[in-house]
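Q: Below is the file query11.pdb, which contains PDB, C-alpha atoms and all ligand atoms.
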```pdb
MODEL        1
ATOM      1  CA  MET A   1     -16.069 -12.113   4.333
ATOM      2  CA  LYS A   2     -12.754 -13.368   3.029
ATOM      3  CA  CYS A   3      -9.763 -11.022   3.243
ATOM      4  CA  ASP A   4      -6.558 -12.624   2.027
ATOM      5  CA  ARG A   5      -4.106  -9.779   2.515
ATOM      6  CA  GLN A   6      -0.413 -10.159   1.779
ATOM      7  CA  THR A   7       2.312  -7.579   2.356
ATOM      8  CA  LEU A   8       4.986  -8.113  -0.249
ATOM      9  CA  PRO A   9       8.048  -6.432  -1.746
ATOM     10  CA  ILE A  10       8.013  -5.647  -5.453
ATOM     11  CA  ALA A  11      10.101  -8.488  -6.913
ATOM     12  CA  ALA A  12      10.511  -7.219 -10.489
ATOM     13  CA  ILE A  13       9.459  -4.302 -12.688
ATOM     14  CA  ARG A  14       9.253  -4.576 -16.476
ATOM     15  CA  GLU A  15       8.795  -1.524 -18.657
ATOM     16  CA  GLU A  16       6.145  -2.311 -21.313
ATOM     17  CA  ASN A  17       6.191   1.199 -22.822
ATOM     18  CA  SER A  18       6.413   4.822 -21.652
ATOM     19  CA  SER A  19       3.249   4.635 -19.516
ATOM     20  CA  LEU A  20       2.816   0.927 -18.676
ATOM     21  CA  ARG A  21       4.830  -1.288 -16.356
ATOM     22  CA  THR A  22       4.406  -4.885 -15.254
ATOM     23  CA  PHE A  23       5.015  -5.502 -11.542
ATOM     24  CA  THR A  24       5.867  -8.973 -10.222
ATOM     25  CA  PHE A  25       5.284 -10.063  -6.629
ATOM     26  CA  ASN A  26       6.603 -13.250  -5.074
ATOM     27  CA  GLY A  27       3.581 -14.663  -3.291
ATOM     28  CA  GLN A  28       0.781 -17.124  -3.845
ATOM     29  CA  LEU A  29      -2.451 -15.926  -5.407
ATOM     30  CA  ASN A  30      -5.144 -18.426  -6.281
ATOM     31  CA  ALA A  31      -6.568 -16.284  -9.087
ATOM     32  CA  GLU A  32      -8.407 -16.882 -12.352
ATOM     33  CA  PRO A  33      -8.387 -14.718 -15.504
ATOM     34  CA  GLY A  34     -10.581 -11.637 -15.064
ATOM     35  CA  GLN A  35     -10.254 -11.433 -11.287
ATOM     36  CA  PHE A  36      -8.580  -8.456  -9.650
ATOM     37  CA  VAL A  37      -6.740  -7.482  -6.480
ATOM     38  CA  MET A  38      -6.904  -4.339  -4.345
ATOM     39  CA  LEU A  39      -3.369  -2.971  -4.114
ATOM     40  CA  THR A  40      -2.451  -0.741  -1.156
ATOM     41  CA  ILE A  41       0.419   1.695  -0.993
ATOM     42  CA  PHE A  42       0.830   2.421   2.706
ATOM     43  CA  SER A  43      -0.837   5.695   3.693
ATOM     44  CA  GLN A  44      -1.715   6.395   0.039
ATOM     45  CA  GLY A  45      -4.856   4.289  -0.385
ATOM     46  CA  GLU A  46      -5.958   1.364  -2.420
ATOM     47  CA  LYS A  47      -6.887   0.714  -6.072
ATOM     48  CA  PRO A  48      -8.067  -2.301  -8.088
ATOM     49  CA  PHE A  49      -5.852  -3.994 -10.693
ATOM     50  CA  SER A  50      -6.459  -7.014 -12.899
ATOM     51  CA  ILE A  51      -4.168  -9.970 -12.673
ATOM     52  CA  LEU A  52      -1.918 -10.525 -15.663
ATOM     53  CA  ASP A  53      -0.564 -13.908 -14.673
ATOM     54  CA  VAL A  54       0.025 -16.233 -11.751
ATOM     55  CA  ASP A  55       2.300 -19.183 -11.246
ATOM     56  CA  ALA A  56       3.007 -21.323  -8.182
ATOM     57  CA  HIS A  57       5.100 -18.655  -6.439
ATOM     58  CA  SER A  58       4.407 -15.298  -8.048
ATOM     59  CA  PHE A  59       1.835 -13.065  -9.721
ATOM     60  CA  GLN A  60       1.887 -10.029 -11.989
ATOM     61  CA  MET A  61      -0.084  -6.917 -12.836
ATOM     62  CA  THR A  62       0.381  -4.402 -15.625
ATOM     63  CA  ILE A  63      -0.300  -0.839 -14.472
ATOM     64  CA  LYS A  64      -0.831   2.343 -16.452
ATOM     65  CA  ASN A  65       0.548   5.574 -15.036
ATOM     66  CA  ILE A  66      -2.655   7.589 -15.214
ATOM     67  CA  GLY A  67      -3.133   9.559 -11.989
ATOM     68  CA  PRO A  68      -1.932  10.217  -8.426
ATOM     69  CA  PHE A  69      -2.007   6.624  -7.145
ATOM     70  CA  THR A  70      -0.453   4.973 -10.173
ATOM     71  CA  SER A  71       2.260   7.634 -10.436
ATOM     72  CA  ARG A  72       3.187   6.699  -6.849
ATOM     73  CA  ILE A  73       3.587   3.071  -7.898
ATOM     74  CA  PHE A  74       5.771   4.184 -10.779
ATOM     75  CA  LYS A  75       8.105   5.883  -8.283
ATOM     76  CA  MET A  76       8.524   2.638  -6.311
ATOM     77  CA  LYS A  77      11.532   0.363  -6.708
ATOM     78  CA  ILE A  78      12.266  -3.339  -6.434
ATOM     79  CA  GLY A  79      12.098  -4.274  -2.747
ATOM     80  CA  ASP A  80       9.570  -1.572  -1.803
ATOM     81  CA  LEU A  81       6.612  -2.964   0.125
ATOM     82  CA  VAL A  82       2.965  -2.893  -0.945
ATOM     83  CA  SER A  83      -0.037  -4.783   0.308
ATOM     84  CA  VAL A  84      -2.393  -6.809  -1.842
ATOM     85  CA  ARG A  85      -5.783  -8.258  -0.951
ATOM     86  CA  GLY A  86      -7.828 -10.585  -3.074
ATOM     87  CA  PRO A  87      -8.301 -12.080  -5.574
ATOM     88  CA  TYR A  88     -11.819 -10.718  -5.954
ATOM     89  CA  GLY A  89     -14.645 -10.924  -8.449
ATOM     90  CA  GLN A  90     -15.794 -13.300 -11.149
ATOM     91  CA  SER A  91     -13.484 -14.720 -13.778
ATOM     92  CA  PHE A  92     -14.094 -15.410 -17.470
ATOM     93  CA  SER A  93     -15.749 -18.738 -18.238
ATOM     94  CA  ARG A  94     -13.436 -21.325 -19.842
ATOM     95  CA  LYS A  95     -14.896 -22.312 -23.194
ATOM     96  CA  THR A  96     -12.536 -24.609 -25.068
ATOM     97  CA  GLY A  97     -14.195 -24.803 -28.508
ATOM     98  CA  HIS A  98     -13.699 -22.026 -31.039
ATOM     99  CA  VAL A  99     -12.905 -18.868 -29.092
ATOM    100  CA  LEU A 100     -12.354 -15.258 -30.158
ATOM    101  CA  MET A 101     -10.722 -12.702 -27.846
ATOM    102  CA  VAL A 102     -11.164  -8.996 -28.619
ATOM    103  CA  GLY A 103      -8.861  -6.687 -26.666
ATOM    104  CA  GLY A 104      -8.144  -2.993 -26.647
ATOM    105  CA  GLY A 105      -5.612  -0.732 -24.928
ATOM    106  CA  TYR A 106      -4.347  -1.504 -21.464
ATOM    107  CA  ALA A 107      -7.341  -3.755 -20.666
ATOM    108  CA  THR A 108      -5.671  -6.739 -22.331
ATOM    109  CA  PRO A 109      -3.951  -8.291 -19.239
ATOM    110  CA  PRO A 110      -6.933 -10.539 -18.353
ATOM    111  CA  LEU A 111      -7.085 -11.775 -21.967
ATOM    112  CA  ARG A 112      -3.367 -12.628 -21.917
ATOM    113  CA  PHE A 113      -3.978 -14.629 -18.698
ATOM    114  CA  LEU A 114      -7.091 -16.257 -20.218
ATOM    115  CA  ALA A 115      -5.195 -17.263 -23.385
ATOM    116  CA  LYS A 116      -2.651 -19.099 -21.251
ATOM    117  CA  LYS A 117      -5.365 -20.930 -19.286
ATOM    118  CA  LEU A 118      -7.347 -21.839 -22.417
ATOM    119  CA  GLN A 119      -4.209 -23.276 -24.024
ATOM    120  CA  GLU A 120      -3.580 -25.359 -20.903
ATOM    121  CA  ALA A 121      -7.202 -26.562 -21.086
ATOM    122  CA  GLY A 122      -6.749 -27.664 -24.728
ATOM    123  CA  VAL A 123      -8.795 -25.008 -26.551
ATOM    124  CA  GLN A 124      -9.594 -26.161 -30.124
ATOM    125  CA  ARG A 125      -9.136 -22.786 -31.814
ATOM    126  CA  LEU A 126      -8.114 -19.535 -30.195
ATOM    127  CA  VAL A 127      -8.043 -16.302 -32.195
ATOM    128  CA  SER A 128      -6.997 -12.992 -30.615
ATOM    129  CA  ILE A 129      -7.356  -9.389 -31.707
ATOM    130  CA  ASN A 130      -5.084  -6.934 -29.943
ATOM    131  CA  GLY A 131      -5.872  -3.258 -30.575
ATOM    132  CA  ALA A 132      -4.174  -0.048 -29.463
ATOM    133  CA  ARG A 133      -3.705   3.565 -30.552
ATOM    134  CA  THR A 134      -0.177   3.063 -31.890
ATOM    135  CA  ALA A 135       2.353   0.222 -32.180
ATOM    136  CA  PRO A 136       4.239   1.142 -28.949
ATOM    137  CA  ASP A 137       0.925   0.985 -27.042
ATOM    138  CA  LEU A 138       0.363  -2.694 -27.944
ATOM    139  CA  LEU A 139       0.812  -5.145 -25.077
ATOM    140  CA  TYR A 140       1.990  -8.786 -25.101
ATOM    141  CA  VAL A 141       2.184  -9.091 -28.895
ATOM    142  CA  ASP A 142       4.646 -12.018 -28.714
ATOM    143  CA  ASP A 143       2.632 -13.783 -26.003
ATOM    144  CA  PHE A 144      -0.605 -13.676 -28.016
ATOM    145  CA  GLU A 145       1.344 -14.905 -31.053
ATOM    146  CA  ILE A 146       2.583 -17.925 -29.100
ATOM    147  CA  LEU A 147      -0.606 -18.682 -27.159
ATOM    148  CA  CYS A 148      -3.168 -18.307 -29.964
ATOM    149  CA  HIS A 149      -3.725 -20.225 -33.186
ATOM    150  CA  GLU A 150      -4.074 -16.888 -34.929
ATOM    151  CA  SER A 151      -3.419 -13.390 -33.599
ATOM    152  CA  TYR A 152      -4.416 -10.107 -35.226
ATOM    153  CA  ILE A 153      -3.285  -6.573 -34.479
ATOM    154  CA  ALA A 154      -5.094  -3.278 -35.061
ATOM    155  CA  THR A 155      -3.741   0.222 -34.466
ATOM    156  CA  ASP A 156      -5.664   3.471 -34.861
ATOM    157  CA  ASP A 157      -2.796   5.042 -36.832
ATOM    158  CA  GLY A 158      -1.896   1.896 -38.836
ATOM    159  CA  SER A 159       1.647   1.791 -37.386
ATOM    160  CA  ARG A 160       1.241  -1.992 -36.917
ATOM    161  CA  GLY A 161      -1.339  -4.481 -38.203
ATOM    162  CA  THR A 162      -4.641  -3.295 -39.628
ATOM    163  CA  LYS A 163      -5.317   0.456 -39.560
ATOM    164  CA  GLY A 164      -8.467   0.758 -37.462
ATOM    165  CA  THR A 165      -9.869  -0.706 -34.269
ATOM    166  CA  SER A 166      -9.998  -4.249 -32.955
ATOM    167  CA  VAL A 167     -13.757  -4.105 -33.640
ATOM    168  CA  ASP A 168     -13.074  -3.466 -37.362
ATOM    169  CA  VAL A 169     -10.896  -6.597 -37.400
ATOM    170  CA  MET A 170     -13.571  -8.508 -35.466
ATOM    171  CA  GLU A 171     -16.144  -7.666 -38.148
ATOM    172  CA  ASN A 172     -13.810  -8.930 -40.888
ATOM    173  CA  ILE A 173     -13.084 -12.186 -39.077
ATOM    174  CA  LEU A 174     -16.764 -12.869 -38.356
ATOM    175  CA  ARG A 175     -17.550 -12.567 -42.063
ATOM    176  CA  LYS A 176     -15.405 -15.689 -42.637
ATOM    177  CA  GLU A 177     -15.587 -17.670 -39.419
ATOM    178  CA  THR A 178     -17.841 -18.336 -36.448
ATOM    179  CA  PHE A 179     -17.059 -18.909 -32.781
ATOM    180  CA  ASP A 180     -18.589 -20.598 -29.739
ATOM    181  CA  GLN A 181     -17.589 -17.767 -27.432
ATOM    182  CA  ILE A 182     -16.247 -14.207 -27.595
ATOM    183  CA  TYR A 183     -14.303 -12.629 -24.725
ATOM    184  CA  ILE A 184     -14.045  -8.816 -24.799
ATOM    185  CA  SER A 185     -11.831  -6.516 -22.714
ATOM    186  CA  GLY A 186     -11.095  -2.899 -23.584
ATOM    187  CA  PRO A 187     -12.294   0.675 -23.198
ATOM    188  CA  GLU A 188     -16.051   0.675 -22.622
ATOM    189  CA  LYS A 189     -16.937   2.437 -25.893
ATOM    190  CA  MET A 190     -14.915  -0.175 -27.772
ATOM    191  CA  MET A 191     -16.619  -3.003 -25.854
ATOM    192  CA  LYS A 192     -20.021  -1.502 -26.650
ATOM    193  CA  ALA A 193     -19.152  -1.592 -30.375
ATOM    194  CA  ALA A 194     -17.816  -5.156 -30.078
ATOM    195  CA  VAL A 195     -21.003  -6.258 -28.304
ATOM    196  CA  ALA A 196     -23.096  -4.818 -31.158
ATOM    197  CA  VAL A 197     -21.097  -6.910 -33.647
ATOM    198  CA  ALA A 198     -21.388 -10.062 -31.515
ATOM    199  CA  LYS A 199     -25.148  -9.505 -31.234
ATOM    200  CA  LYS A 200     -25.468  -9.072 -34.992
ATOM    201  CA  HIS A 201     -23.881 -12.519 -35.403
ATOM    202  CA  GLN A 202     -25.900 -13.945 -32.473
ATOM    203  CA  LEU A 203     -22.765 -15.105 -30.667
ATOM    204  CA  PRO A 204     -22.367 -15.343 -26.882
ATOM    205  CA  TYR A 205     -19.918 -12.963 -25.250
ATOM    206  CA  GLU A 206     -18.482 -11.904 -21.928
ATOM    207  CA  VAL A 207     -17.094  -8.444 -21.187
ATOM    208  CA  ASN A 208     -14.651  -7.110 -18.598
ATOM    209  CA  LEU A 209     -16.238  -4.024 -16.995
ATOM    210  CA  GLU A 210     -14.468  -1.309 -15.017
ATOM    211  CA  ARG A 211     -16.182   0.908 -12.471
ATOM    212  CA  TYR A 212     -14.827   3.062  -9.689
ATOM    213  CA  MET A 213     -14.048   0.597  -6.892
ATOM    214  CA  LYS A 214     -13.287   1.622  -3.333
ATOM    215  CA  CYS A 215     -13.784  -1.459  -1.147
ATOM    216  CA  GLY A 216     -13.730  -4.309  -3.683
ATOM    217  CA  VAL A 217     -15.921  -6.446  -1.462
ATOM    218  CA  GLY A 218     -19.500  -5.194  -1.849
ATOM    219  CA  ILE A 219     -19.695  -2.690   1.032
ATOM    220  CA  CYS A 220     -19.400   0.842  -0.350
ATOM    221  CA  GLY A 221     -21.702   0.697  -3.393
ATOM    222  CA  SER A 222     -19.407   2.736  -5.626
ATOM    223  CA  CYS A 223     -19.258   0.060  -8.324
ATOM    224  CA  VAL A 224     -23.016  -0.571  -8.490
ATOM    225  CA  MET A 225     -24.513  -0.587 -11.997
ATOM    226  CA  ASP A 226     -28.023   0.544 -12.915
ATOM    227  CA  PRO A 227     -30.842  -0.347 -13.002
ATOM    228  CA  THR A 228     -30.325  -3.869 -11.674
ATOM    229  CA  GLY A 229     -28.003  -2.823  -8.833
ATOM    230  CA  LEU A 230     -25.328  -5.245  -9.985
ATOM    231  CA  ILE A 231     -22.406  -5.018  -7.544
ATOM    232  CA  LEU A 232     -19.582  -5.186 -10.028
ATOM    233  CA  CYS A 233     -16.769  -5.964  -7.568
ATOM    234  CA  ILE A 234     -18.609  -9.131  -6.506
ATOM    235  CA  GLU A 235     -20.831 -10.060  -9.471
ATOM    236  CA  GLY A 236     -18.302  -8.819 -12.072
ATOM    237  CA  PRO A 237     -15.989  -7.500 -13.339
ATOM    238  CA  ILE A 238     -16.618 -10.224 -15.929
ATOM    239  CA  VAL A 239     -20.244 -10.092 -17.035
ATOM    240  CA  ASP A 240     -21.965 -12.405 -19.500
ATOM    241  CA  HIS A 241     -24.265 -11.294 -22.323
ATOM    242  CA  GLU A 242     -27.491 -11.984 -20.436
ATOM    243  CA  THR A 243     -26.445  -9.910 -17.423
ATOM    244  CA  LEU A 244     -25.049  -7.134 -19.616
ATOM    245  CA  ASP A 245     -28.367  -6.802 -21.458
ATOM    246  CA  GLY A 246     -29.964  -5.600 -18.202
ATOM    247  CA  LEU A 247     -27.366  -2.866 -17.554
ATOM    248  CA  ASP A 248     -28.571   0.458 -18.981
ATOM    249  CA  ASP A 249     -25.391   2.322 -18.071
ATOM    250  CA  PHE A 250     -23.069   0.072 -20.086
ATOM    251  CA  GLY A 251     -21.216   2.404 -22.489
ATOM    252  CA  VAL A 252     -23.238   5.376 -21.209
ATOM    253  CA  SER A 253     -22.428   6.372 -17.608
ATOM    254  CA  HIS A 254     -20.670   5.390 -14.385
ATOM    255  CA  ARG A 255     -20.408   6.567 -10.786
ATOM    256  CA  GLY A 256     -17.439   8.866 -10.233
ATOM    257  CA  LYS A 257     -15.337   9.334  -7.100
ATOM    258  CA  THR A 258     -18.238  10.813  -5.112
ATOM    259  CA  GLY A 259     -20.752   8.207  -6.273
ATOM    260  CA  ARG A 260     -22.519  10.682  -8.549
ATOM    261  CA  ILE A 261     -23.548   9.340 -11.961
ATOM    262  CA  GLU A 262     -21.400  10.816 -14.755
ATOM    263  CA  ALA A 263     -21.425  10.354 -18.514
ATOM    264  CA  LEU A 264     -18.609   8.145 -19.780
TER     265      LEU A 264
HETATM  266  C1  LIG B   1     -11.667  -4.336 -11.790
HETATM  267  C2  LIG B   1     -10.644  -3.313 -12.219
HETATM  268  C3  LIG B   1      -9.449  -3.731 -12.777
HETATM  269  C4  LIG B   1      -8.496  -2.809 -13.170
HETATM  270  N1  LIG B   1      -7.334  -3.261 -13.724
HETATM  271  C5  LIG B   1      -6.371  -2.393 -14.063
HETATM  272  C6  LIG B   1      -5.129  -2.855 -14.597
HETATM  273  O1  LIG B   1      -4.896  -4.060 -14.776
HETATM  274  N2  LIG B   1      -4.198  -1.925 -14.901
HETATM  275  C7  LIG B   1      -4.411  -0.587 -14.712
HETATM  276  O2  LIG B   1      -3.504   0.202 -14.994
HETATM  277  N3  LIG B   1      -5.577  -0.122 -14.219
HETATM  278  C8  LIG B   1      -6.550  -0.993 -13.896
HETATM  279  N4  LIG B   1      -7.742  -0.512 -13.367
HETATM  280  C9  LIG B   1      -7.929   0.920 -13.201
HETATM  281  C10 LIG B   1      -7.160   1.399 -12.000
HETATM  282  O3  LIG B   1      -7.716   0.950 -10.799
HETATM  283  C11 LIG B   1      -7.185   2.934 -12.065
HETATM  284  O4  LIG B   1      -6.563   3.336 -13.264
HETATM  285  C12 LIG B   1      -6.395   3.508 -10.975
HETATM  286  O5  LIG B   1      -7.138   3.319  -9.830
HETATM  287  C13 LIG B   1      -6.124   4.968 -11.241
HETATM  288  O6  LIG B   1      -5.762   5.582 -10.042
HETATM  289  P1  LIG B   1      -4.974   6.966  -9.993
HETATM  290  O7  LIG B   1      -5.089   7.547  -8.626
HETATM  291  O8  LIG B   1      -3.589   6.783 -10.538
HETATM  292  O9  LIG B   1      -5.759   7.862 -11.010
HETATM  293  P2  LIG B   1      -7.091   8.707 -10.774
HETATM  294  O10 LIG B   1      -6.745  10.137 -10.959
HETATM  295  O11 LIG B   1      -7.797   8.311  -9.531
HETATM  296  O12 LIG B   1      -7.949   8.163 -11.986
HETATM  297  C14 LIG B   1      -7.542   8.138 -13.318
HETATM  298  C15 LIG B   1      -8.670   7.493 -14.117
HETATM  299  O13 LIG B   1      -8.970   6.173 -13.603
HETATM  300  C16 LIG B   1     -10.305   6.097 -13.104
HETATM  301  N5  LIG B   1     -10.251   5.423 -11.801
HETATM  302  C17 LIG B   1      -9.631   5.867 -10.711
HETATM  303  N6  LIG B   1      -9.765   5.045  -9.673
HETATM  304  C18 LIG B   1     -10.497   4.041 -10.117
HETATM  305  C19 LIG B   1     -10.977   2.886  -9.497
HETATM  306  N7  LIG B   1     -10.731   2.634  -8.208
HETATM  307  N8  LIG B   1     -11.708   2.043 -10.246
HETATM  308  C20 LIG B   1     -11.931   2.311 -11.536
HETATM  309  N9  LIG B   1     -11.496   3.393 -12.197
HETATM  310  C21 LIG B   1     -10.797   4.258 -11.486
HETATM  311  C22 LIG B   1     -10.774   7.530 -12.947
HETATM  312  O14 LIG B   1     -12.177   7.640 -13.140
HETATM  313  C23 LIG B   1      -9.994   8.256 -14.003
HETATM  314  O15 LIG B   1     -10.625   8.168 -15.262
HETATM  315  C24 LIG B   1      -8.730  -1.415 -12.994
HETATM  316  C25 LIG B   1      -9.941  -0.976 -12.441
HETATM  317  C26 LIG B   1     -10.893  -1.914 -12.071
HETATM  318  C27 LIG B   1     -12.187  -1.457 -11.498
HETATM  319  S1  LIG B   2     -16.253  -1.410  -4.730
HETATM  320 FE1  LIG B   2     -17.401  -1.174  -2.916
HETATM  321  S2  LIG B   2     -19.262  -2.237  -3.386
HETATM  322 FE2  LIG B   2     -17.970  -2.627  -5.117
ENDMDL
END
```
When written as structure tokens, how does the structure in this file appear?
Ligand SMILES: Cc1cc2nc3c(=O)[nH]c(=O)nc-3n(C[C@H](O)[C@H](O)[C@H](O)COP(=O)(O)OP(=O)(O)OC[C@H]3O[C@@H](n4cnc5c(N)ncnc54)[C@H](O)[C@@H]3O)c2cc1C
Ligand code: FES
A:
Amino acid sequence: MKCDRQTLPIAAIREENSSLRTFTFNGQLNAEPGQFVMLTIFSQGEKPFSILDVDAHSFQMTIKNIGPFTSRIFKMKIGDLVSVRGPYGQSFSRKTGHVLMVGGGYATPPLRFLAKKLQEAGVQRLVSINGARTAPDLLYVDDFEILCHESYIATDDGSRGTKGTSVDVMENILRKETFDQIYISGPEKMMKAAVAVAKKHQLPYEVNLERYMKCGVGICGSCVMDPTGLILCIEGPIVDHETLDGLDDFGVSHRGKTGRIEAL
């Protein structure tokens, strides 16, 4: 089993909004969009985070301050040491025809990374939908604008873009245009709705799933999905439409901290 662990100081911290920060680390990470790392704070434990971007000498993650571990990270300063192992998991495929990306909330980092890679690969048409509760919650608006041929915004309260969800915008777009591939990353209920729309139009899709992950390398079983026993940290977190069809707990339930199945 591969374990590429690096102990690194935080090189930069960028405030995205009141609850989200992007952390930069100077180190090499051979990662693809959709993969994640396990980030350790010494004597505090380890949690998984998606990769926002990599270049030759650095990599980034955007983290939401949501609970005990992430609030610890938010107390850390430039120069403080953390440890990172990975990258782990499966990445998005790289379709370069007509591509639609549907994102929601703080799950958009892998789509931002994917947009960059698809542009580098010469994607023919790239359309993004970026959804959030309110305008300040939107991430990487300028980046999607630059990287995509067309970029749409949806906010629940209508403070920016269309009033509604990214799935509402998706439905409107698919009335006028078709795509070779749809990439979806957001809260699971939103992804479930987006999958229903993609199915209605008989379009292929991939989703970015989140489950409680403890080891990240297929040992503990906490990320296993029913009934197929898919080990998400190894076989996901990016899952294609055929695999997703076999997962009964998508949008319904997950294993919590103790491994017990809980409703989402
Ligand atoms: C593959 C993957 C990629 C992720 N990428 C990001 C990211 O880019 N940015 C980001 O902010 N968060 C990301 N997360 C979620 C992140 O790991 C959790 O938000 C974080 O662990 C919360 O820890 P906490 O102690 O602060 O909060 P807790 O109090 O432990 O949890 C807060 C909420 O997060 C859920 N959660 C906690 N730990 C995990 C875990 N290990 N796996 C999944 N859900 C968990 C809990 O069920 C709860 O709903 C990702 C999770 C996975 C599985
Ligand atoms: S997180 Fe341990 S098996 Fe996936």
Q: Counting all atoms listed in the file, I want the residues whose atoms come within 8 Å of (7.3, 2.4, -13.3) in the file frame, returned as a PDB file with C-alpha atoms, in the coordinates of the input.
A:
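This is the output file out_25.pdb:
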```pdb
ATOM      1  CA  ILE A  13       9.459  -4.302 -12.688  1.00  0.00           C
ATOM      2  CA  ARG A  14       9.253  -4.576 -16.476  1.00  0.00           C
ATOM      3  CA  GLU A  15       8.795  -1.524 -18.657  1.00  0.00           C
ATOM      4  CA  SER A  19       3.249   4.635 -19.516  1.00  0.00           C
ATOM      5  CA  LEU A  20       2.816   0.927 -18.676  1.00  0.00           C
ATOM      6  CA  ARG A  21       4.830  -1.288 -16.356  1.00  0.00           C
ATOM      7  CA  ASN A  65       0.548   5.574 -15.036  1.00  0.00           C
ATOM      8  CA  SER A  71       2.260   7.634 -10.436  1.00  0.00           C
ATOM      9  CA  ILE A  73       3.587   3.071  -7.898  1.00  0.00           C
ATOM     10  CA  PHE A  74       5.771   4.184 -10.779  1.00  0.00           C
ATOM     11  CA  LYS A  75       8.105   5.883  -8.283  1.00  0.00           C
ATOM     12  CA  MET A  76       8.524   2.638  -6.311  1.00  0.00           C
TER      13      MET A  76
END
```
Q: Of the candidates A:Asn17, A:Cys233, A:Gly122, A:Ala115, which shows the shortest atom-to-atom distance to A:Thr134, using all atoms listed in the file?
A: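 Nearest candidate to A:Thr134 out of A:Asn17, A:Cys233, A:Gly122, A:Ala115: A:Asn17.
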Q: Just the number, please: distance in Å from atom CA of A:Ile129 to atom O11 of ligand LIG 1 (chain B), one decimal.
A: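 That distance, rounded to one decimal, is 28.4 Å.
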Q: Give the residues close to ligand LIG 2 (chain B), within 10 Å, counting only C-alpha atoms and all ligand atoms; write them as a ChimeraX atom specification.
A: /A:38,47-48,89,211-225,230-237
Q: With the file shown as input, list the residues that the PyMOL selection byres (((chain A and resi 30) around 12) and not hetatm) selects, as a list in words.
A: Asp4, Gly27, Gln28, Leu29, Ala31, Glu32, Pro33, Gln35, Phe36, Val37, Ile51, Asp53, Val54, Asp55, Ala56, His57, Ser58, Phe59, Arg85, Gly86, Pro87, Tyr88 and Ser91 of chain A
Q: For the file shown, what are the residues hit by the PyMOL selection byres (((chain A and resi 167-175) around 7) and not hetatm), laid out as a CSV table (one decimal) with C-alpha atoms, in the frame of the given file?
A:
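What ended up in out30.csv:
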```
chain,number,residue,atom,x,y,z
A,164,GLY,CA,-8.5,0.8,-37.5
A,165,THR,CA,-9.9,-0.7,-34.3
A,166,SER,CA,-10.0,-4.2,-33.0
A,176,LYS,CA,-15.4,-15.7,-42.6
A,177,GLU,CA,-15.6,-17.7,-39.4
A,178,THR,CA,-17.8,-18.3,-36.4
A,193,ALA,CA,-19.2,-1.6,-30.4
A,194,ALA,CA,-17.8,-5.2,-30.1
A,197,VAL,CA,-21.1,-6.9,-33.6
```
Q: Rank nothing, just name the residue among A:Asp80, A:Glu262, A:Glu150, A:Asp245 nearest to ligand LIG 1 (chain B), using all atoms listed in the file.
A: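 When distances to ligand LIG 1 (chain B) are compared using all atoms listed in the file, the smallest one comes from A:Glu262.
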Q: To test the calculation: enclose all listed atoms of ligand LIG 1 (chain B) in a box whose edges run along x, y and z, add 6 Å on each side, then state centre and edge lengths in Å to one decimal, as AutoDock Vina command-line options.
A:
```
--center_x -7.8 --center_y 2.9 --center_z -11.7 --size_x 20.7 --size_y 26.5 --size_z 19.1
```
Q: Evaluate the PyMOL selection byres (((chain A and resi 41) around 8) and not hetatm) against this structure - the residues, as an MDAnalysis selection string, please.
A: chainID A and resid 39:40 42:46 73 81:83
Q: Which residue, A:Phe144, A:Phe49, A:Tyr183, A:Phe92, has the smallest gap to ligand LIG 1 (chain B) when you use all atoms listed in the file?
A: A:Phe49
Q: In Å, with one decimal, what is the gap from atom CA of A:Val84 to atom C2 of ligand LIG 1 (chain B)?
A: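 So the answer is 13.7 Å.
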Q: Rank nothing, just name the residue among A:Asp180, A:Asp248, A:Glu210, A:Asp226 nearest to ligand LIG 1 (chain B), using only C-alpha atoms and all ligand atoms.
A: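 Counting only C-alpha atoms and all ligand atoms, the residue closest to ligand LIG 1 (chain B) is A:Glu210.
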Q: For A:Arg160, which of A:Gly186, A:Pro204, A:Gly256, A:Pro136 is the closest residue, counting only C-alpha atoms?
A: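 Under the stated criterion, the closest residue is A:Pro136.
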Q: Considering only C-alpha atoms and all ligand atoms, can you say which of A:Gly251, A:Gly34, A:Pro227, A:Gly103 comes closest to ligand LIG 1 (chain B)?
A: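 Closest residue, counting only C-alpha atoms and all ligand atoms: A:Gly34.
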Q: One decimal, in Å: what's the spacing between atom CA of A:Leu8 and atom C11 of ligand LIG 1 (chain B)?
A: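 For atom CA of A:Leu8 relative to atom C11 of ligand LIG 1 (chain B), the distance reads 20.2 Å.
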Q: Set the distance at 12 Å and use all atoms listed in the file: which residues neighbour A:Lys192 once local chain neighbours fewer than 5 positions away are removed? I'd like the list as a PyMOL selection string.
A: chain A and resi 102+104+167+184-187+197-199+205-209+241+244-245+247-252+264
Q: Store the residues picked out above in a file with C-alpha atoms, as a compact mmCIF listing (two decimals), keeping the file's coordinate frame.
A:
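Result went into selection.txt, see below:
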```
# COMPACT_ATOMS: atom_id res chain seq x y z
CA VAL A 102 -11.16 -9.00 -28.62
CA GLY A 104 -8.14 -2.99 -26.65
CA VAL A 167 -13.76 -4.11 -33.64
CA ILE A 184 -14.04 -8.82 -24.80
CA SER A 185 -11.83 -6.52 -22.71
CA GLY A 186 -11.10 -2.90 -23.58
CA PRO A 187 -12.29 0.68 -23.20
CA VAL A 197 -21.10 -6.91 -33.65
CA ALA A 198 -21.39 -10.06 -31.52
CA LYS A 199 -25.15 -9.51 -31.23
CA TYR A 205 -19.92 -12.96 -25.25
CA GLU A 206 -18.48 -11.90 -21.93
CA VAL A 207 -17.09 -8.44 -21.19
CA ASN A 208 -14.65 -7.11 -18.60
CA LEU A 209 -16.24 -4.02 -17.00
CA HIS A 241 -24.26 -11.29 -22.32
CA LEU A 244 -25.05 -7.13 -19.62
CA ASP A 245 -28.37 -6.80 -21.46
CA LEU A 247 -27.37 -2.87 -17.55
CA ASP A 248 -28.57 0.46 -18.98
CA ASP A 249 -25.39 2.32 -18.07
CA PHE A 250 -23.07 0.07 -20.09
CA GLY A 251 -21.22 2.40 -22.49
CA VAL A 252 -23.24 5.38 -21.21
CA LEU A 264 -18.61 8.14 -19.78
```
